[in-house]
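Shown next: upload-v3.cif, containing mmCIF, C-alpha atoms.
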```cif
data_target
loop_
_atom_site.label_atom_id
_atom_site.label_comp_id
_atom_site.auth_asym_id
_atom_site.auth_seq_id
_atom_site.Cartn_x
_atom_site.Cartn_y
_atom_site.Cartn_z
CA MET W 212 156.40 88.72 62.94
CA SER W 213 157.95 91.80 64.52
CA GLU W 214 161.42 93.12 63.83
CA TYR W 215 162.14 92.41 67.52
CA LEU W 216 161.40 88.68 67.27
CA CYS W 217 163.85 86.07 66.10
CA VAL W 218 161.69 83.06 65.31
CA ALA W 219 163.25 80.63 62.83
CA PRO W 220 161.05 79.18 60.08
CA ASP W 221 161.43 75.66 61.57
CA VAL W 222 159.67 76.61 64.84
CA LYS W 223 156.26 74.98 65.37
CA LEU W 224 153.90 77.29 67.25
CA GLY W 225 150.52 76.09 68.52
CA GLU W 226 147.30 78.09 68.42
CA GLY W 227 147.08 81.17 70.62
CA VAL W 228 150.78 81.33 71.51
CA LYS W 229 151.78 84.76 72.85
CA LEU W 230 155.32 85.93 72.07
CA SER W 231 156.96 88.95 73.71
CA LYS W 232 159.60 91.03 71.96
CA PHE W 233 163.31 90.18 72.01
CA ILE W 234 163.06 86.40 71.93
CA ASN W 235 165.12 83.79 70.08
CA LEU W 236 163.39 80.56 69.06
CA TYR W 237 164.79 77.98 66.66
CA GLY W 238 164.02 74.35 65.90
CA CYS W 239 161.59 74.04 68.82
CA GLN W 240 157.92 73.28 69.41
CA VAL W 241 155.60 75.44 71.54
CA GLY W 242 152.10 74.21 72.46
CA ASP W 243 148.76 75.99 72.32
CA ASN W 244 148.11 79.04 74.53
CA THR W 245 151.66 79.22 75.88
CA LYS W 246 153.08 82.62 76.76
CA ILE W 247 156.79 83.37 76.25
CA GLY W 248 158.29 86.45 77.91
CA ALA W 249 160.94 88.86 76.66
CA PHE W 250 164.59 87.87 76.34
CA VAL W 251 163.86 84.12 76.25
CA GLU W 252 165.89 81.69 74.18
CA ILE W 253 164.49 78.27 73.29
CA GLN W 254 166.86 76.05 71.33
CA LYS W 255 166.37 73.29 68.78
CA ASN W 256 164.68 70.03 69.75
CA VAL W 257 162.98 71.60 72.80
CA LYS W 258 159.31 70.83 73.34
CA VAL W 259 157.16 73.18 75.41
CA GLY W 260 153.61 71.99 76.10
CA LYS W 261 150.23 73.71 76.16
CA ASN W 262 149.19 76.44 78.59
CA CYS W 263 152.71 77.12 79.86
CA LYS W 264 154.17 80.41 80.98
CA ILE W 265 157.86 80.96 80.27
CA SER W 266 158.90 84.18 82.03
CA SER W 267 161.47 86.68 80.79
CA HIS W 268 165.24 86.11 80.65
CA THR W 269 164.92 82.30 80.64
CA PHE W 270 167.24 79.95 78.74
CA ILE W 271 165.87 76.58 77.61
CA CYS W 272 168.56 74.53 75.90
CA GLU W 273 168.40 71.56 73.56
CA GLY W 274 167.29 68.38 75.31
CA VAL W 275 164.60 69.95 77.51
CA THR W 276 160.98 68.79 77.40
CA ILE W 277 158.39 70.83 79.27
CA GLU W 278 154.95 69.25 79.52
CA ASP W 279 151.59 71.07 79.79
CA ASN W 280 150.60 73.70 82.39
CA VAL W 281 154.15 74.45 83.56
CA PHE W 282 155.26 77.78 85.02
CA VAL W 283 158.90 78.81 84.51
CA GLY W 284 159.89 81.94 86.44
CA HIS W 285 162.16 84.79 85.40
CA GLY W 286 165.81 84.03 84.67
CA VAL W 287 165.61 80.23 84.87
CA THR W 288 168.52 78.38 83.26
CA PHE W 289 168.52 74.80 82.03
CA ILE W 290 171.81 72.89 81.53
CA ASN W 291 172.29 70.02 79.03
CA ASP W 292 175.93 69.00 79.58
CA SER W 293 177.34 67.67 82.87
CA TYR W 294 180.97 68.11 81.79
CA PRO W 295 181.16 71.14 79.49
CA ARG W 296 184.40 71.93 77.70
CA ALA W 297 185.31 74.53 75.09
CA THR W 298 187.75 72.28 73.25
CA ASN W 299 187.97 68.62 72.27
CA SER W 300 190.88 66.24 72.98
CA SER W 301 192.70 67.57 69.87
CA GLY W 302 192.57 71.14 71.16
CA GLY W 303 190.01 72.37 68.61
CA LEU W 304 186.71 73.96 69.51
CA GLN W 305 184.11 71.36 70.36
CA SER W 306 181.38 70.66 67.84
CA GLU W 307 178.16 68.67 68.12
CA GLN W 308 180.17 65.48 67.46
CA ASP W 309 182.24 65.98 70.63
CA TRP W 310 179.45 65.73 73.20
CA LYS W 311 176.01 64.26 73.83
CA VAL W 312 172.93 66.27 74.79
CA GLU W 313 171.68 65.20 78.22
CA PRO W 314 167.87 65.36 78.59
CA THR W 315 165.74 67.16 81.16
CA LEU W 316 162.01 66.57 81.68
CA VAL W 317 159.61 68.92 83.44
CA ARG W 318 156.32 67.13 84.08
CA SER W 319 152.83 68.67 83.85
CA GLY W 320 151.83 71.30 86.37
CA ALA W 321 155.30 71.90 87.79
CA SER W 322 156.42 75.41 88.79
CA ILE W 323 160.02 76.61 88.71
CA GLY W 324 160.82 79.75 90.69
CA SER W 325 162.79 82.70 89.34
CA GLY W 326 166.55 82.34 89.13
CA ALA W 327 166.57 78.55 89.45
CA THR W 328 169.17 76.47 87.63
CA ILE W 329 168.20 72.98 86.46
CA LEU W 330 171.15 70.67 85.79
CA ALA W 331 171.19 67.98 83.07
CA ASN W 332 169.60 64.52 83.39
CA ILE W 333 166.86 65.76 85.73
CA THR W 334 163.16 64.93 85.91
CA ILE W 335 160.93 67.37 87.77
CA GLY W 336 157.75 65.54 88.78
CA GLU W 337 154.14 66.54 88.21
CA ASN W 338 152.98 69.56 90.23
CA ALA W 339 156.39 69.92 91.89
CA LEU W 340 157.39 73.37 93.11
CA ILE W 341 161.01 74.56 92.79
CA GLY W 342 161.90 77.50 95.05
CA ALA W 343 163.37 80.69 93.58
CA GLY W 344 167.16 80.62 93.25
CA SER W 345 167.39 76.85 93.72
CA ILE W 346 170.01 74.68 92.05
CA VAL W 347 168.34 71.39 91.10
CA THR W 348 170.97 68.64 91.02
CA ARG W 349 168.77 65.54 91.16
CA ASP W 350 165.27 64.35 90.30
CA VAL W 351 162.35 66.03 92.07
CA PRO W 352 159.38 63.80 92.99
CA ALA W 353 155.80 64.65 92.00
CA ASP W 354 154.07 67.09 94.38
CA ALA W 355 157.35 67.97 96.11
CA VAL W 356 158.38 71.42 97.30
CA VAL W 357 162.16 71.81 97.02
CA ALA W 358 164.49 74.77 97.55
CA GLY W 359 168.10 75.67 98.19
CA TYR W 360 171.57 74.91 96.91
CA PRO W 361 171.43 72.09 96.24
CA ALA W 362 167.63 71.90 96.19
CA ARG W 363 166.31 69.76 99.03
CA MET W 364 162.84 68.46 99.84
CA LEU W 365 160.92 70.80 102.16
CA ARG W 366 157.52 69.13 102.09
CA SER W 367 154.96 67.41 99.90
CA LEU W 368 151.94 69.13 98.40
CA VAL W 369 149.83 65.98 98.83
CA ASP W 370 147.04 66.74 101.31
CA ASP W 371 148.26 70.35 101.66
CA ALA W 372 145.08 72.41 102.05
CA ARG W 373 146.92 75.57 100.89
CA VAL W 374 147.35 74.20 97.36
CA VAL W 375 144.58 74.92 94.85
CA ARG W 376 144.52 72.63 91.82
#
```
Would you write out, as structure tokens, the structure that this file holds?
Amino acid sequence: MSEYLCVAPDVKLGEGVKLSKFINLYGCQVGDNTKIGAFVEIQKNVKVGKNCKISSHTFICEGVTIEDNVFVGHGVTFINDSYPRATNSSGGLQSEQDWKVEPTLVRSGASIGSGATILANITIGENALIGAGSIVTRDVPADAVVAGYPARMLRSLVDDARVVR
């Protein structure tokens, strides 16, 4: 490994994974032939599937599962806590015992545009397309195109002749 990579010994990397410089991976799994761009952090208990592309400056927090063939654009942020707080009810800094990780699932073939934010407890359906800069606040159906703040359905990719699969 390079001096510019921070990959913990507990990371499970598949065959043919391509890692850019200046990344931080710990306690996660990355599937075969996935490419991870510069300045990406992937936290513990995250699973990234095969043949994915995770673009630079992306943050993938604990609780996120990304299936196969998913594209994640530049600067995408995942959230795993709907009610974040710095301190607990006693006034001390929160620890892992003070909150519960909320899961997020990105299904196979989905694409998430640059600068999108994905809130906790979200499922993004197969082949869905999230527009750049969107804030995803609820589940996205399979084959949907969504965009905006909050992200709203624009159309379905089903029977869309412009889509190559």
- Between atom CA of W:Thr348 and atom CA of W:Ser293, distance in Å (one decimal): 10.4 Å
- Message: Residues within 7 Å of stretch 242-248 of chain W, please, as a PyMOL selection string. Count only C-alpha atoms; anything in the same chain fewer than 3 positions from it doesn't count.
- Response: chain W and resi 224-231+251+259-267
- Please provide the set of residues having any atom within 8 Å of stretch 360-367 of chain W, restricted to only C-alpha atoms, with same-chain residues fewer than 4 positions apart removed, written as a PyMOL selection string. chain W and resi 341+345-348+354-356+371
Using the chain letters and numbers from this file, what does the PyMOL selection byres ((chain W and resi 272-288) around 9) select? Give the answer as an mmCIF file with C-alpha atoms, in the frame of the given file.
```cif
data_model
loop_
_atom_site.group_PDB
_atom_site.id
_atom_site.type_symbol
_atom_site.label_atom_id
_atom_site.label_comp_id
_atom_site.auth_asym_id
_atom_site.auth_seq_id
_atom_site.Cartn_x
_atom_site.Cartn_y
_atom_site.Cartn_z
ATOM 1 C CA CYS W 239 161.590 74.040 68.820
ATOM 2 C CA GLY W 242 152.100 74.210 72.460
ATOM 3 C CA THR W 245 151.660 79.220 75.880
ATOM 4 C CA GLY W 248 158.290 86.450 77.910
ATOM 5 C CA VAL W 251 163.860 84.120 76.250
ATOM 6 C CA GLU W 252 165.890 81.690 74.180
ATOM 7 C CA ILE W 253 164.490 78.270 73.290
ATOM 8 C CA GLN W 254 166.860 76.050 71.330
ATOM 9 C CA LYS W 255 166.370 73.290 68.780
ATOM 10 C CA ASN W 256 164.680 70.030 69.750
ATOM 11 C CA VAL W 257 162.980 71.600 72.800
ATOM 12 C CA LYS W 258 159.310 70.830 73.340
ATOM 13 C CA VAL W 259 157.160 73.180 75.410
ATOM 14 C CA GLY W 260 153.610 71.990 76.100
ATOM 15 C CA LYS W 261 150.230 73.710 76.160
ATOM 16 C CA ASN W 262 149.190 76.440 78.590
ATOM 17 C CA CYS W 263 152.710 77.120 79.860
ATOM 18 C CA LYS W 264 154.170 80.410 80.980
ATOM 19 C CA ILE W 265 157.860 80.960 80.270
ATOM 20 C CA SER W 266 158.900 84.180 82.030
ATOM 21 C CA SER W 267 161.470 86.680 80.790
ATOM 22 C CA HIS W 268 165.240 86.110 80.650
ATOM 23 C CA THR W 269 164.920 82.300 80.640
ATOM 24 C CA PHE W 270 167.240 79.950 78.740
ATOM 25 C CA ILE W 271 165.870 76.580 77.610
ATOM 26 C CA PHE W 289 168.520 74.800 82.030
ATOM 27 C CA ILE W 290 171.810 72.890 81.530
ATOM 28 C CA ASN W 291 172.290 70.020 79.030
ATOM 29 C CA VAL W 312 172.930 66.270 74.790
ATOM 30 C CA GLU W 313 171.680 65.200 78.220
ATOM 31 C CA PRO W 314 167.870 65.360 78.590
ATOM 32 C CA THR W 315 165.740 67.160 81.160
ATOM 33 C CA LEU W 316 162.010 66.570 81.680
ATOM 34 C CA VAL W 317 159.610 68.920 83.440
ATOM 35 C CA ARG W 318 156.320 67.130 84.080
ATOM 36 C CA SER W 319 152.830 68.670 83.850
ATOM 37 C CA GLY W 320 151.830 71.300 86.370
ATOM 38 C CA ALA W 321 155.300 71.900 87.790
ATOM 39 C CA SER W 322 156.420 75.410 88.790
ATOM 40 C CA ILE W 323 160.020 76.610 88.710
ATOM 41 C CA GLY W 324 160.820 79.750 90.690
ATOM 42 C CA SER W 325 162.790 82.700 89.340
ATOM 43 C CA GLY W 326 166.550 82.340 89.130
ATOM 44 C CA ALA W 327 166.570 78.550 89.450
ATOM 45 C CA THR W 328 169.170 76.470 87.630
ATOM 46 C CA ILE W 329 168.200 72.980 86.460
ATOM 47 C CA LEU W 330 171.150 70.670 85.790
ATOM 48 C CA ALA W 331 171.190 67.980 83.070
ATOM 49 C CA ASN W 338 152.980 69.560 90.230
ATOM 50 C CA ALA W 343 163.370 80.690 93.580
ATOM 51 C CA GLY W 344 167.160 80.620 93.250
#
```
- Message: I need the residue nearest W:Val241 from this list: W:Ile333, W:Ser306, W:Lys223, W:Pro352. Use only C-alpha atoms for the distance.
- Response: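 Nearest to W:Val241: W:Lys223.
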- Report the distance between atom CA of W:Phe250 and atom CA of W:Lys232 in Å, rounded to one decimal place.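 Separation of atom CA of W:Phe250 and atom CA of W:Lys232: 7.4 Å.
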- Item | Nearby residues, (170.5, 61.6, 90.9) file frame, 10 Å, all atoms listed in the file, as an NGL selection string | :W and (332-334 or 348-351)
Produce a file of the selected residues containing C-alpha atoms, as a PDB file, in the coordinates of the input.
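Dumped everything to again-v8.pdb:
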```
ATOM      1  CA  ASN W 332     169.600  64.520  83.390  1.00  0.00           C
ATOM      2  CA  ILE W 333     166.860  65.760  85.730  1.00  0.00           C
ATOM      3  CA  THR W 334     163.160  64.930  85.910  1.00  0.00           C
ATOM      4  CA  THR W 348     170.970  68.640  91.020  1.00  0.00           C
ATOM      5  CA  ARG W 349     168.770  65.540  91.160  1.00  0.00           C
ATOM      6  CA  ASP W 350     165.270  64.350  90.300  1.00  0.00           C
ATOM      7  CA  VAL W 351     162.350  66.030  92.070  1.00  0.00           C
TER       8      VAL W 351
END
```
- Would you work out the distance separating atom CA of W:Gln308 from atom CA of W:Asn235, expressed in Å to one decimal?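 Atom CA of W:Asn235 lies 23.8 Å from atom CA of W:Gln308.
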- Message: Would you pick out the contacts of W:Phe233 at 7 Å or less, using all atoms listed in the file, so that residues sharing its chain but fewer than 6 positions from it are not included, and give the list as a list in words?
- Response: Tyr215, Leu216, Ala249 and Phe250 of chain W
As AutoDock Vina command-line options, please report the centre and edge lengths, rounded to one decimal in Å, of the axis-aligned box that holds all listed atoms of stretch 348-366 of chain W with 6 Å of padding on each of the six sides.
```
--center_x 162.8 --center_y 69.7 --center_z 96.2 --size_x 29.5 --size_y 23.9 --size_z 23.9
```
- Nearest to W:Ala339, chosen from W:Leu304, W:Leu368, W:Leu236, W:Val218, with only C-alpha atoms counted in the distances: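 Distance minimum relative to W:Ala339 lands on W:Leu368.
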- Message: Using only C-alpha atoms for the distances, tell me which of W:Pro220, W:Gly303, W:Gly336, W:Gly238 is nearest to W:Ala353.
- Response: W:Gly336
